[in-house]
2 protein chains.
Amino acid sequence: MATVLDGAVRIFRERGYNATSIADLSLATGLAAGSIYKAFKDKRGLFLAAFDRYVEEGDALRRLAFQNGGNGRDKLKSLLGLYANASSGAEGMRGCLVAGSTIELATMDAATARQVKAAHARTEQLLVRTIREGQVDGSINAAIDSGASAGLMLCILQGMRVVGKTGRSRDDMNALVELAMKILD
Amino acid sequence: MATVLDGAVRIFRERGYNATSIADLSLATGLAAGSIYKAFKDKRGLFLAAFDRYVEEGDALRRLAFQNGGNGRDKLKSLLGLYANASSGAEGMRGCLVAGSTIELATMDAATARQVKAAHARTEQLLVRTIREGQVDGSINAAIDSGASAGLMLCILQGMRVVGKTGRSRDDMNALVELAMKILD
DNA sequence: TTATTTTGGAATTATTCATTTCCAAAATCA
DNA sequence: TGATTTTGGAAATGAATAATTCCAAAATAA
């Protein structure tokens with residue numbers, strides 16, 4: 001089942017929900033259309049399962065990035081580095097399921113749209129918490145607005161994912177990370 | 001003709017190329033399907049015309065933002081302010097045709113993809129030029145890498161357009177602008 | 001005024017789409 | 001071993017799609 005969802009995640013990242021047909025999903029997951037419908041009820045159900053898996057995997061990667069510890073600033077730098085890597089080369093061109101789904105928000109039903117917005121809210125909350133942690137441990141300027149800087153960080157992360165679709169090198173993306181950290185000064 | 005393209009720009013911004021049908025375009029432009037085909041050859045032709053118009057309008061807005069003059073830093077602040085406004089409220093939720101098209105890159109033919117990438121390149125070149133201008137007039141730190149900081153600015157601008165789809169207030173977005181300017185310190 | 005050309009769009013066409021139906025093979029149960 | 005249930009998927013269905021055809025009204029030319 002996990003590999004079915006991995007295949008779905010991949011094709012939805014590349015093409016988005018609307019441009020991905022059941023035939024595409026069948027190729028990507030290895031299941032025939034009838035089986036997809038038996039397992040997920042419909043295309044939207046498979047999308048939601050894939051989206052959840054993608055968000056969970058992202059959460060796990062972010063936790064891993066934070067496990068190397070250090071102070072708030074170190075953690076944020078790890079996070080930006082993680083996104084810089086994910087946004088470069090062939091993997092970067094594949095795209096982000098959250099960014100892609102955000103662009104398609106207008107074509108989604110309310111419940112699906114809520115899931116997409118919730119994913120952003122969760123990332124933004126993590127950013128706020130980590131910035132505040134840095135402000136407490138002294139690694140981040142205590143005077144900056146944690147909400148605003150978290151919002152800016154979220155834009156940078158999403159922007160990397162979009163620009164990554166056009167093909168950027170790892171060096172290009174990593175160069176941005178150093179500069180972005182100045183926001184926290 | 002201009003209002004036809006304006007209608008097309010609007011619906012493509014909101015829904016993207018793939019999720020916009022000829023029926024949608026007919027409603028948005030006021031032309032029947034047969035007329036659309038006579039004027040633009042096909043859906044892709046209308047999209048390209050709409051995309052060109054959107055990019056040209058964006059260029060005009062950026063020129064306008066720069067006309068208030070000032071040094072390099074002032075100009076960049078105006079540009080970020082322009083994007084912050086465009087990315088907030090109902091207008092922000094409508095989305096950006098360039099960001100949206102970037103997400104759909106994998107579903108485009110090579111010529112259309114080149115146009116989308118060219119739009120990014122043009123914005124990035126403007127950012128590089130303006131940062132260098134600021135480094136010459138002393139308003140921007142001469143030591144920072146103009147290429148990397150332009151790349152980061154591009155990510156911020158595109159990220160604002162994506163996050164703006166989820167609904168952000170003008171105050172939220174403007175708060176980011178102040179912080180983003182620290183990159184140039 | 002009549003003939004011809006141009007224009008706008010309704011209707012149609014062929015294809016693709018999401019979803020359902022139905023069938024046969026495999027697995028399970030008695 | 002035979003009967004029944006489960007499972008996977010090919011084929012079919014009805015709707016939506018991009019694009020084309022054809023018609024009538026409007027405009028132009030003689």
# chains A, B, ... in the order shown; residues from 1 in each chain; ligands from 1
>>> interface_residues(of="chain B", to="chain A", cutoff="6 Å", atoms="only C-alpha atoms", output="list in words")
Asn18, Ala19, Gly100, Ile103, Ala148, Leu152, Cys155, Ile156, Gln158, Gly159, Met160, Ala175, Leu176, Lys182 and Ile183 of chain B
>>> write_last_selection(atoms="C-alpha atoms", output="short mmCIF file (atom, residue, chain, number, x, y, z; two decimals), in the first residue's frame")
data_model
loop_
_atom_site.label_atom_id
_atom_site.label_comp_id
_atom_site.auth_asym_id
_atom_site.auth_seq_id
_atom_site.Cartn_x
_atom_site.Cartn_y
_atom_site.Cartn_z
CA ASN B 18 -5.27 22.40 -17.16
CA ALA B 19 -8.37 23.00 -15.04
CA GLY B 100 0.77 28.84 -11.41
CA ILE B 103 3.78 24.54 -11.10
CA ALA B 148 22.33 34.71 -4.60
CA LEU B 152 16.44 34.58 -2.73
CA CYS B 155 11.88 32.89 -4.09
CA ILE B 156 10.32 35.37 -1.67
CA GLN B 158 7.06 33.62 -5.80
CA GLY B 159 6.48 32.33 -2.27
CA MET B 160 4.27 35.30 -1.49
CA ALA B 175 5.15 42.90 7.70
CA LEU B 176 7.30 40.47 5.72
CA LYS B 182 17.47 42.73 6.09
CA ILE B 183 18.84 40.39 3.44
#
>>> closest_atom_pairs(of="chain C", to="chain B", cutoff="12 Å", atoms="only C-alpha atoms (C1' of nucleotides)", output="JSON lines")
{"residue": "C:DT7", "atom": "C1'", "partner": "B:Ser35", "partner_atom": "CA", "distance": 8.7}
{"residue": "C:DG8", "atom": "C1'", "partner": "B:Ser35", "partner_atom": "CA", "distance": 6.4}
{"residue": "C:DG9", "atom": "C1'", "partner": "B:Ala32", "partner_atom": "CA", "distance": 5.6}
{"residue": "C:DA10", "atom": "C1'", "partner": "B:Ala32", "partner_atom": "CA", "distance": 9.0}
{"residue": "C:DA11", "atom": "C1'", "partner": "B:Gly34", "partner_atom": "CA", "distance": 10.8}
>>> closest_atom_pairs(of="chain D", to="chain A", cutoff="12 Å", atoms="only C-alpha atoms (C1' of nucleotides)", output="tab-separated table")
residue	atom	partner	partner_atom	distance
D:DT7	C1'	A:Ser35	CA	8.8
D:DG8	C1'	A:Ser35	CA	6.4
D:DG9	C1'	A:Ala32	CA	5.7
D:DA10	C1'	A:Ala32	CA	9.0
D:DA11	C1'	A:Gly34	CA	10.8
>>> select_by_dssp(residues="chain A", states="alpha helix (DSSP H)", output="number ranges by chain")
A: 2-15, 22-29, 33-40, 43-67, 72-86, 89-94, 97-103, 110-137, 146-164, 170-180
>>> residues_around(residues="DT16 in chain C", least_positions_apart="4", cutoff="12 Å", atoms="only C-alpha atoms (C1' of nucleotides)", output="JSON, numbers by chain")
{"A": [19, 21, 22, 23], "D": [15, 16, 17, 18]}
>>> write_last_selection(atoms="C-alpha atoms (C1' of nucleotides)", output="PDB file, in the first residue's frame")
ATOM      1  CA  ALA A  19      -3.691  17.186 -15.015  1.00  0.00           C
ATOM      2  CA  SER A  21      -5.707  11.148 -15.139  1.00  0.00           C
ATOM      3  CA  ILE A  22      -6.785   7.788 -13.746  1.00  0.00           C
ATOM      4  CA  ALA A  23      -4.660   6.234 -16.480  1.00  0.00           C
TER       5      ALA A  23
ATOM      6  C1'  DA D  15     -20.105  12.965 -19.046  1.00  0.00           C
ATOM      7  C1'  DA D  16     -16.780  16.367 -20.161  1.00  0.00           C
ATOM      8  C1'  DT D  17     -13.325  17.913 -23.132  1.00  0.00           C
ATOM      9  C1'  DA D  18     -10.808  20.405 -27.219  1.00  0.00           C
TER      10       DA D  18
END
>>> residues_around(residues="DA3 in chain D", least_positions_apart="2", cutoff="10 Å", atoms="only C-alpha atoms (C1' of nucleotides)", output="VMD selection string")
(chain C and resid 29 to 30) or (chain D and resid 1 5)
>>> atom_distance(atom1="CA of Leu48 in chain B", atom2="CA of Arg122 in chain B")
16.8 Å
